[in-house]
$ cat data_9.tsv   # TSV, C-alpha atoms
chain	number	residue	atom	x	y	z
A	97	MET	CA	-69.67	74.11	-6.46
A	98	LYS	CA	-71.44	71.79	-4.08
A	99	LYS	CA	-69.99	68.80	-5.86
A	100	SER	CA	-66.39	70.07	-5.74
A	101	GLY	CA	-66.82	71.02	-2.04
A	102	CYS	CA	-68.04	67.53	-1.36
A	103	CYS	CA	-65.16	66.10	-3.35
A	104	SER	CA	-62.53	68.09	-1.53
A	105	CYS	CA	-63.91	66.87	1.80
A	106	ALA	CA	-63.72	63.30	0.60
A	107	VAL	CA	-60.18	63.70	-0.71
A	108	THR	CA	-59.06	65.46	2.46
A	109	GLY	CA	-60.62	62.71	4.52
A	110	ALA	CA	-58.87	60.06	2.47
A	111	LEU	CA	-55.54	61.85	2.86
A	112	LEU	CA	-55.98	62.22	6.60
A	113	LEU	CA	-56.85	58.57	7.04
A	114	THR	CA	-53.89	57.55	4.90
A	115	THR	CA	-51.61	59.72	7.02
A	116	CYS	CA	-53.02	58.17	10.19
A	117	ARG	CA	-52.41	54.67	8.83
A	118	PHE	CA	-48.85	55.43	7.74
A	119	VAL	CA	-47.85	57.18	10.96
A	120	ALA	CA	-49.52	54.82	13.45
A	121	GLY	CA	-48.57	51.70	11.49
A	122	GLY	CA	-45.10	52.90	10.59
A	123	ALA	CA	-44.31	53.73	14.21
A	124	LEU	CA	-45.24	50.18	15.23
A	125	VAL	CA	-43.05	48.66	12.52
A	126	ILE	CA	-40.04	50.81	13.44
A	127	ALA	CA	-40.51	50.14	17.16
A	128	ALA	CA	-40.73	46.40	16.50
A	129	ILE	CA	-37.56	46.34	14.40
A	130	MET	CA	-35.65	48.30	17.07
A	131	LYS	CA	-36.91	45.97	19.82
A	132	MET	CA	-35.92	42.87	17.83
A	133	LYS	CA	-32.29	44.04	17.74
A	134	ASP	CA	-31.83	43.09	21.39
A	135	PHE	CA	-34.42	40.92	23.12
A	136	SER	CA	-32.52	40.79	26.39
A	137	ALA	CA	-32.59	44.61	26.56
A	138	LEU	CA	-36.35	44.47	26.01
A	139	MET	CA	-36.70	41.92	28.83
A	140	LEU	CA	-34.72	44.17	31.17
A	141	SER	CA	-36.88	47.17	30.18
A	142	MET	CA	-40.03	45.18	30.90
A	143	LYS	CA	-38.61	44.06	34.23
A	144	ALA	CA	-37.83	47.67	35.13
A	145	PHE	CA	-41.45	48.68	34.51
A	146	GLU	CA	-42.51	46.27	37.29
A	147	LEU	CA	-45.90	45.65	35.69
A	148	VAL	CA	-45.56	42.13	34.34
A	149	PRO	CA	-44.70	39.02	36.44
A	150	GLU	CA	-41.09	38.07	35.80
A	151	ALA	CA	-42.07	34.53	34.79
A	152	VAL	CA	-43.86	35.75	31.65
A	153	ILE	CA	-41.47	38.54	30.67
A	154	PRO	CA	-39.43	36.40	28.21
A	155	ALA	CA	-42.60	35.27	26.40
A	156	PHE	CA	-44.01	38.82	26.30
A	157	SER	CA	-40.70	40.13	25.03
A	158	TYR	CA	-40.92	37.92	21.96
A	159	MET	CA	-44.67	38.24	21.39
A	160	LEU	CA	-44.81	42.03	21.60
A	161	PRO	CA	-42.54	43.04	18.67
A	162	TRP	CA	-43.98	40.32	16.43
A	163	THR	CA	-47.52	41.52	17.13
A	164	GLU	CA	-46.39	45.09	16.48
A	165	ILE	CA	-44.83	44.20	13.15
A	166	VAL	CA	-47.77	42.14	11.88
A	167	CYS	CA	-50.25	44.82	12.90
A	168	GLY	CA	-48.06	47.68	11.65
A	169	VAL	CA	-47.54	46.21	8.18
A	170	LEU	CA	-51.24	45.50	7.76
A	171	LEU	CA	-52.09	49.01	8.86
A	172	VAL	CA	-49.58	50.71	6.58
A	173	TYR	CA	-50.86	48.83	3.53
A	174	GLY	CA	-54.47	49.20	4.62
A	175	ILE	CA	-55.23	45.50	4.78
A	176	TRP	CA	-58.00	44.65	7.25
A	177	SER	CA	-57.68	48.31	8.21
A	178	ARG	CA	-60.27	48.46	10.98
A	179	ALA	CA	-59.08	45.26	12.65
A	180	SER	CA	-55.39	46.15	12.44
A	181	ALA	CA	-56.17	49.65	13.69
A	182	GLY	CA	-58.01	48.05	16.58
A	183	VAL	CA	-54.95	46.00	17.48
A	184	ALA	CA	-52.77	49.11	17.13
A	185	ALA	CA	-55.12	51.07	19.38
A	186	LEU	CA	-54.96	48.28	21.96
A	187	LEU	CA	-51.15	48.28	21.87
A	188	TYR	CA	-50.90	52.06	22.15
A	189	ALA	CA	-53.41	52.07	25.01
A	190	VAL	CA	-51.34	49.48	26.88
A	191	PHE	CA	-48.10	51.43	26.23
A	192	THR	CA	-49.69	54.68	27.41
A	193	PHE	CA	-50.89	52.99	30.59
A	194	ALA	CA	-47.44	51.53	31.23
A	195	LEU	CA	-45.68	54.86	30.70
A	196	ALA	CA	-48.22	56.74	32.85
A	197	SER	CA	-47.83	54.13	35.57
A	198	VAL	CA	-44.05	54.59	35.63
A	199	LEU	CA	-44.39	58.37	35.80
A	200	ALA	CA	-47.03	58.17	38.52
A	201	ARG	CA	-44.72	55.96	40.63
A	202	GLY	CA	-41.85	58.38	40.14
A	203	MET	CA	-39.63	55.71	38.62
A	204	LYS	CA	-36.63	56.51	36.45
A	205	VAL	CA	-36.89	53.99	33.65
A	206	ASP	CA	-35.66	54.07	30.08
A	207	CYS	CA	-38.60	53.72	27.77
A	208	GLY	CA	-36.92	51.33	25.31
A	209	CYS	CA	-39.84	52.07	22.98
A	210	PHE	CA	-37.75	52.63	19.91
A	211	GLY	CA	-34.52	51.04	21.04
A	212	ALA	CA	-31.42	52.92	19.92
A	213	LEU	CA	-33.36	55.28	17.63
A	214	THR	CA	-34.04	57.68	20.45
A	215	GLY	CA	-30.62	57.14	22.05
A	216	GLY	CA	-32.28	55.82	25.17
A	217	GLY	CA	-33.89	58.32	27.49
A	218	GLU	CA	-36.13	58.30	30.48
A	219	ILE	CA	-39.90	58.33	30.25
A	220	ASP	CA	-41.43	61.78	30.41
A	221	GLY	CA	-44.69	63.54	29.55
A	222	LEU	CA	-43.68	63.81	25.91
A	223	SER	CA	-43.57	59.99	25.62
A	224	ILE	CA	-47.17	59.83	26.80
A	225	VAL	CA	-48.33	62.63	24.48
A	226	ARG	CA	-46.68	60.86	21.57
A	227	ASN	CA	-48.49	57.62	22.40
A	228	LEU	CA	-51.81	59.41	22.78
A	229	VAL	CA	-51.41	60.91	19.30
A	230	PHE	CA	-50.73	57.46	17.84
A	231	LEU	CA	-53.69	56.08	19.78
A	232	ALA	CA	-55.98	58.78	18.39
A	233	MET	CA	-54.79	58.03	14.85
A	234	SER	CA	-55.46	54.32	15.32
A	235	ILE	CA	-58.94	55.00	16.65
A	236	ALA	CA	-59.66	57.26	13.67
A	237	VAL	CA	-58.80	54.47	11.25
A	238	MET	CA	-60.71	51.94	13.35
A	239	VAL	CA	-63.84	54.08	13.19
A	240	ARG	CA	-63.58	55.51	9.65
A	241	GLY	CA	-61.69	52.75	7.84
A	242	GLY	CA	-58.39	52.89	5.98
A	243	GLY	CA	-59.31	55.55	3.45
A	244	ALA	CA	-59.37	55.42	-0.33
A	245	THR	CA	-55.69	54.52	-0.60
A	246	ALA	CA	-56.03	51.38	1.52
A	247	ILE	CA	-55.91	48.00	-0.17
A	248	ASP	CA	-59.24	47.37	1.54
A	249	SER	CA	-60.72	50.17	-0.57
A	250	LEU	CA	-59.26	48.84	-3.80
A	251	LEU	CA	-60.93	45.55	-3.02
A	252	GLY	CA	-64.10	47.34	-1.96
A	253	ASP	CA	-63.85	45.72	1.43
A	254	GLY	CA	-65.60	47.54	4.26
A	255	VAL	CA	-65.75	50.93	2.54
A	256	PRO	CA	-69.26	52.39	2.09
A	257	ALA	CA	-70.15	52.45	-1.60
A	258	SER	CA	-71.35	56.04	-1.27
A	259	ARG	CA	-67.89	57.16	-0.18
A	260	LEU	CA	-66.16	55.32	-3.00
A	261	ASP	CA	-68.61	56.79	-5.50
A	262	ARG	CA	-68.06	60.28	-4.13
A	263	ILE	CA	-64.29	60.11	-4.54
A	264	SER	CA	-64.30	58.40	-7.91
A	265	SER	CA	-66.79	60.86	-9.33
A	266	CYS	CA	-64.79	63.93	-8.30
A	267	PRO	CA	-63.77	65.96	-11.36
A	268	ALA	CA	-60.09	66.40	-12.06
A	269	PRO	CA	-58.66	69.78	-10.93
A	270	ARG	CA	-58.60	71.16	-14.54
A	271	GLU	CA	-62.34	70.44	-15.02
A	272	THR	CA	-63.11	72.33	-11.81
A	273	GLU	CA	-61.10	75.36	-13.01
A	274	SER	CA	-62.78	75.51	-16.45
A	275	ALA	CA	-66.22	75.24	-14.84
A	276	ARG	CA	-65.44	78.41	-12.91
B	267	MET	CA	-68.83	43.66	12.86
B	268	SER	CA	-68.11	40.02	13.63
B	269	ARG	CA	-65.82	39.96	10.58
B	270	HIS	CA	-63.72	42.74	12.07
B	271	ILE	CA	-63.61	41.06	15.48
B	272	LEU	CA	-62.49	37.81	13.88
B	273	ARG	CA	-59.74	39.62	11.98
B	274	PHE	CA	-58.72	41.42	15.19
B	275	VAL	CA	-58.34	38.10	16.99
B	276	LEU	CA	-56.51	36.59	14.02
B	277	ILE	CA	-53.95	39.41	13.88
B	278	LEU	CA	-53.25	39.03	17.60
B	279	ALA	CA	-53.02	35.26	17.26
B	280	VAL	CA	-50.54	35.45	14.37
B	281	GLY	CA	-48.34	37.95	16.23
B	282	ILE	CA	-48.38	35.93	19.45
B	283	ALA	CA	-47.70	32.64	17.66
B	284	ALA	CA	-44.83	34.11	15.64
B	285	GLY	CA	-43.28	35.52	18.82
B	286	LEU	CA	-43.56	32.26	20.73
B	287	VAL	CA	-42.08	30.24	17.87
B	288	HIS	CA	-39.20	32.70	17.51
B	289	GLY	CA	-38.52	32.75	21.24
B	290	LEU	CA	-38.53	29.00	21.64
B	291	ALA	CA	-36.37	28.52	18.56
B	292	VAL	CA	-33.74	31.07	19.64
B	293	ASP	CA	-32.99	30.47	23.31
B	294	GLY	CA	-36.01	28.87	24.94
B	295	MET	CA	-37.06	32.29	26.19
B	296	LYS	CA	-34.76	32.83	29.16
B	297	MET	CA	-34.30	35.99	31.21
B	298	PRO	CA	-30.84	37.56	31.02
B	299	PRO	CA	-28.58	36.83	34.05
B	300	GLU	CA	-29.49	38.45	37.38
B	301	ALA	CA	-27.30	41.17	38.78
B	302	LEU	CA	-25.56	40.55	42.12
B	303	VAL	CA	-26.52	43.20	44.66
B	304	THR	CA	-24.49	42.25	47.73
B	305	LEU	CA	-20.99	43.63	47.38
B	306	PRO	CA	-18.03	41.47	48.41
B	307	GLU	CA	-15.96	42.58	51.41
B	308	ALA	CA	-12.89	44.70	50.76
B	309	PRO	CA	-9.42	43.15	51.24
B	310	VAL	CA	-8.62	42.82	55.02
B	311	SER	CA	-5.32	44.68	54.69
B	312	HIS	CA	-7.17	47.93	53.97
B	313	VAL	CA	-8.15	50.31	56.83
B	314	PRO	CA	-11.35	52.01	55.72
B	315	ASP	CA	-10.92	55.27	57.69
B	316	GLN	CA	-7.70	56.38	55.96
B	317	PRO	CA	-7.73	59.73	54.11
B	318	VAL	CA	-8.65	59.33	50.48
B	319	ASP	CA	-6.59	60.41	47.47
B	320	VAL	CA	-9.05	62.11	45.19
B	321	ALA	CA	-8.44	62.32	41.40
B	322	PRO	CA	-6.86	65.79	40.98
B	323	ALA	CA	-7.59	66.26	37.26
B	324	GLU	CA	-10.59	68.63	37.30
B	325	PRO	CA	-10.62	72.01	39.07
B	326	GLU	CA	-14.30	71.44	39.92
B	327	ASP	CA	-13.44	68.68	42.39
B	328	VAL	CA	-15.56	68.87	45.46
B	329	ALA	CA	-13.58	66.41	47.48
B	330	VAL	CA	-14.85	65.70	50.94
B	331	SER	CA	-13.45	62.77	52.81
B	332	GLU	CA	-14.81	61.37	56.05
B	333	ALA	CA	-14.45	58.14	57.92
B	334	PRO	CA	-17.47	55.87	57.50
B	335	SER	CA	-19.79	56.04	60.49
B	336	ALA	CA	-21.51	53.08	62.09
B	337	ASP	CA	-24.91	54.29	60.82
B	338	LEU	CA	-24.05	53.90	57.16
B	339	ASP	CA	-25.50	51.21	54.89
B	340	PRO	CA	-23.12	48.23	55.03
B	341	GLU	CA	-23.04	48.19	51.21
B	342	LEU	CA	-21.90	51.83	51.25
B	343	VAL	CA	-19.14	50.98	53.71
B	344	LYS	CA	-17.97	48.08	51.52
B	345	LEU	CA	-17.94	50.28	48.40
B	346	LYS	CA	-15.95	52.94	50.25
B	347	SER	CA	-13.45	50.29	51.36
B	348	HIS	CA	-12.98	49.05	47.81
B	349	PHE	CA	-12.73	52.64	46.57
B	350	ASP	CA	-10.00	53.42	49.12
B	351	ALA	CA	-8.13	50.21	48.29
B	352	GLY	CA	-8.51	50.71	44.53
B	353	THR	CA	-9.63	47.10	44.16
B	354	ALA	CA	-12.63	47.66	41.89
B	355	VAL	CA	-13.63	49.49	38.74
B	356	LEU	CA	-16.69	51.71	39.16
B	357	VAL	CA	-19.22	52.24	36.38
B	358	ASP	CA	-21.75	55.06	36.42
B	359	ALA	CA	-24.93	53.99	34.59
B	360	ARG	CA	-26.75	57.33	34.85
B	361	SER	CA	-27.31	59.94	32.12
B	362	ARG	CA	-24.34	61.94	30.82
B	363	GLU	CA	-25.84	65.06	32.34
B	364	ASP	CA	-25.92	63.50	35.81
B	365	TYR	CA	-22.44	62.02	35.39
B	366	VAL	CA	-20.88	65.32	34.39
B	367	ALA	CA	-22.66	67.11	37.25
B	368	GLY	CA	-21.07	64.77	39.74
B	369	HIS	CA	-19.82	61.20	40.05
B	370	ILE	CA	-17.57	59.01	42.16
B	371	PRO	CA	-13.95	59.83	41.20
B	372	GLY	CA	-12.56	57.36	38.69
B	373	ALA	CA	-15.98	55.99	37.71
B	374	ILE	CA	-16.41	55.14	34.04
B	375	TYR	CA	-19.41	56.65	32.27
B	376	GLY	CA	-21.23	53.47	31.17
B	377	PRO	CA	-24.95	53.83	30.36
B	378	PHE	CA	-26.95	50.93	28.96
B	379	GLU	CA	-27.22	52.71	25.58
B	380	ASP	CA	-23.50	52.02	25.04
B	381	PHE	CA	-24.36	48.34	24.59
B	382	ILE	CA	-27.24	48.75	22.14
B	383	ASP	CA	-25.45	48.61	18.79
B	384	ALA	CA	-21.96	47.50	19.75
B	385	ILE	CA	-19.77	46.54	22.70
B	386	PRO	CA	-18.23	49.75	24.08
B	387	ASP	CA	-14.45	50.24	24.11
B	388	TRP	CA	-14.37	50.74	27.87
B	389	PHE	CA	-15.87	47.28	28.34
B	390	ASN	CA	-13.39	45.64	25.97
B	391	ALA	CA	-10.54	47.20	27.94
B	392	LEU	CA	-11.58	45.40	31.14
B	393	PRO	CA	-10.30	41.89	31.94
B	394	LEU	CA	-13.18	39.44	32.30
B	395	ASP	CA	-12.28	38.74	35.93
B	396	GLN	CA	-12.14	42.42	36.88
B	397	LEU	CA	-14.18	43.34	39.95
B	398	VAL	CA	-16.77	45.86	38.78
B	399	PHE	CA	-19.30	47.86	40.77
B	400	ILE	CA	-22.11	49.63	38.93
B	401	TYR	CA	-24.28	52.38	40.36
B	402	CYS	CA	-27.03	54.73	39.27
B	403	ASP	CA	-29.52	56.83	41.25
B	404	GLY	CA	-30.65	54.21	43.78
B	405	GLY	CA	-34.33	53.85	44.66
B	406	ASP	CA	-36.34	52.88	41.57
B	407	CYS	CA	-33.43	53.34	39.17
B	408	HIS	CA	-32.82	50.08	37.29
B	409	ALA	CA	-30.14	51.29	34.90
B	410	SER	CA	-27.33	49.77	36.96
B	411	GLU	CA	-29.02	46.36	37.00
B	412	ALA	CA	-29.50	46.50	33.22
B	413	VAL	CA	-25.83	47.33	32.64
B	414	ALA	CA	-24.75	44.64	35.09
B	415	SER	CA	-26.93	42.04	33.43
B	416	LYS	CA	-25.54	42.97	30.02
B	417	MET	CA	-21.95	42.79	31.24
B	418	LYS	CA	-22.57	39.35	32.75
B	419	GLU	CA	-24.17	38.22	29.50
B	420	LEU	CA	-20.98	39.31	27.71
B	421	GLY	CA	-18.81	37.22	30.03
B	422	MET	CA	-17.81	39.49	32.92
B	423	GLU	CA	-17.63	37.33	36.04
B	424	GLN	CA	-17.48	39.70	39.00
B	425	VAL	CA	-20.12	42.34	38.39
B	426	TYR	CA	-22.05	43.83	41.30
B	427	VAL	CA	-24.71	46.48	41.60
B	428	PHE	CA	-24.42	49.13	44.29
B	429	MET	CA	-28.13	49.48	45.04
B	430	PRO	CA	-28.08	52.59	47.29
B	431	GLY	CA	-26.68	54.54	44.30
B	432	TYR	CA	-24.86	57.83	43.89
B	433	PRO	CA	-27.20	59.84	46.17
B	434	ALA	CA	-26.26	57.63	49.13
B	435	TRP	CA	-22.53	58.04	48.42
B	436	GLN	CA	-22.89	61.79	48.13
B	437	ALA	CA	-25.06	62.08	51.26
B	438	ALA	CA	-22.39	60.24	53.25
B	439	GLY	CA	-19.94	63.02	52.38
B	440	PHE	CA	-17.61	60.72	50.41
B	441	PRO	CA	-15.43	62.07	47.60
B	442	VAL	CA	-17.16	63.22	44.44
B	443	THR	CA	-15.94	64.93	41.33
B	444	ALA	CA	-17.54	66.70	38.37
B	445	GLY	CA	-16.81	66.85	34.65
B	446	GLU	CA	-15.55	64.13	32.36
B	447	GLU	CA	-12.91	61.64	33.43
B	448	PRO	CA	-9.61	61.98	31.49
$ encode --input "data_9.tsv" --output "structure tokens"
Amino acid sequence: MKKSGCCSCAVTGALLLTTCRFVAGGALVIAAIMKMKDFSALMLSMKAFELVPEAVIPAFSYMLPWTEIVCGVLLVYGIWSRASAGVAALLYAVFTFALASVLARGMKVDCGCFGALTGGGEIDGLSIVRNLVFLAMSIAVMVRGGGATAIDSLLGDGVPASRLDRISSCPAPRETESAR
Amino acid sequence: MSRHILRFVLILAVGIAAGLVHGLAVDGMKMPPEALVTLPEAPVSHVPDQPVDVAPAEPEDVAVSEAPSADLDPELVKLKSHFDAGTAVLVDARSREDYVAGHIPGAIYGPFEDFIDAIPDWFNALPLDQLVFIYCDGGDCHASEAVASKMKELGMEQVYVFMPGYPAWQAAGFPVTAGEEP
């Protein structure tokens, strides 16, 4: 009983971490692809935020989606999970700050976060909540690793041996049933 | 720990490098064209304090027409003059909800989202030398500047942003109308 309880925790943990990786990483990839459809729109969005000096906006506008896509792909596949989650957490923290800053200043600005996918739309509290959820997911992966489904785990990279052993030694569901 | 930090830095470096290379290769990383915010003067033949013919289409018209007073923003006076003379096309860059609730009569509903995946039909119908004024909510609203910049990028020559926005027009008691334009 103890062993199956321990196994179910490990499997649940692995599933949760996998979900966090897919959602946080997938959101970055989608956002990057949408941004890359129109760089001038992204530059105008950045200018509207009034947070970045205008001289560096063009450079930032190209660097941001590329960083998102590199980080997002690594996170989804679970390659260098903790590092890519760290970069994702940094990005989400910056986005959350930017959105909160716009709201605090009472500005009416289109987020431009996901390009045409959201049909445009002004920044509101929901945008910030969404980013905080993604941030929390990224931090979870940064702290706990990519989970058993990450490529890191398959390569045994950065995953505690005890956790790998626990999951791999879990009996199959049928064995648990017959033991009862 | 140092392994993770190194990977963190490497991921950032790859993303930044890829972005810079892409930007330099595509267009040298230039900002889109700036919007013009000082409206041109209306034609001299027009007398700005004439009564205004308001679009009669919708029953919800709340048409109020007054002569511009000396205290009004000069940009507002110029817009009113062009509106009275019919010398410019107006574009409303606000949300559909705000547009339907009230807009300057004859203004085209033209948010920035229209330009995201394709060039909108209303833009294609305008001659490239058409005088166009774009407005949104004034203050910190940048939607009109974004639309203006996009229109200039697409080749429109005479595009101006009315910075005081719809609230200033409405507060001056100038004609407004609600609903969709026919």
$ closest_residue --input "data_9.tsv" --among "A:Ser234, A:Ser157, A:Ser141, A:Ser223" --to "Leu186 of chain A" --atoms "only C-alpha atoms"
A:Ser234
$ interface_residues --input "data_9.tsv" --of "chain B" --to "chain A" --cutoff "6 Å" --atoms "only C-alpha atoms" --output "ChimeraX atom specification"
/B:270,273-274,281-282,285,289,295-298,379,406-408
$ residues_around --input "data_9.tsv" --residues "Ser415 of chain B" --least-positions-apart "3" --cutoff "9 Å" --atoms "all atoms listed in the file" --output "ChimeraX atom specification"
/A:140 /B:298-302,410-412,418-420,425
$ atom_distance --input "data_9.tsv" --atom1 "atom CA of Leu356 of chain B" --atom2 "atom CA of Asp337 of chain B"
23.3 Å
$ atom_distance --input "data_9.tsv" --atom1 "atom CA of Arg240 of chain A" --atom2 "atom CA of Leu112 of chain A"
10.6 Å
$ closest_residue --input "data_9.tsv" --among "A:Ala194, A:Met142, A:Val169, A:Val107" --to "Gly122 of chain A" --atoms "all atoms listed in the file"
A:Val169
$ atom_distance --input "data_9.tsv" --atom1 "atom CA of Val239 of chain A" --atom2 "atom CA of Ala127 of chain A"
24.0 Å
$ residues_around --input "data_9.tsv" --residues "segment 402-404 of chain B" --least-positions-apart "2" --cutoff "12 Å" --atoms "all atoms listed in the file" --output "JSON, numbers by chain"
{"A": [203, 204, 205], "B": [303, 342, 356, 357, 358, 359, 360, 361, 362, 364, 365, 368, 369, 370, 373, 374, 375, 376, 377, 378, 399, 400, 406, 407, 408, 409, 410, 411, 412, 413, 414, 427, 428, 429, 430, 431, 432, 433, 434, 435, 436]}
$ closest_residue --input "data_9.tsv" --among "B:Ile385, B:Ala283, B:Leu397, B:Leu272" --to "Ala308 of chain B" --atoms "only C-alpha atoms"
B:Leu397
$ closest_residue --input "data_9.tsv" --among "A:Thr108, A:Thr114, A:Ser249, A:Thr192" --to "Ile224 of chain A" --atoms "only C-alpha atoms"
A:Thr192
$ closest_residue --input "data_9.tsv" --among "A:Glu146, A:Val237, A:Thr245, A:Ala196" --to "Leu222 of chain A" --atoms "all atoms listed in the file"
A:Ala196
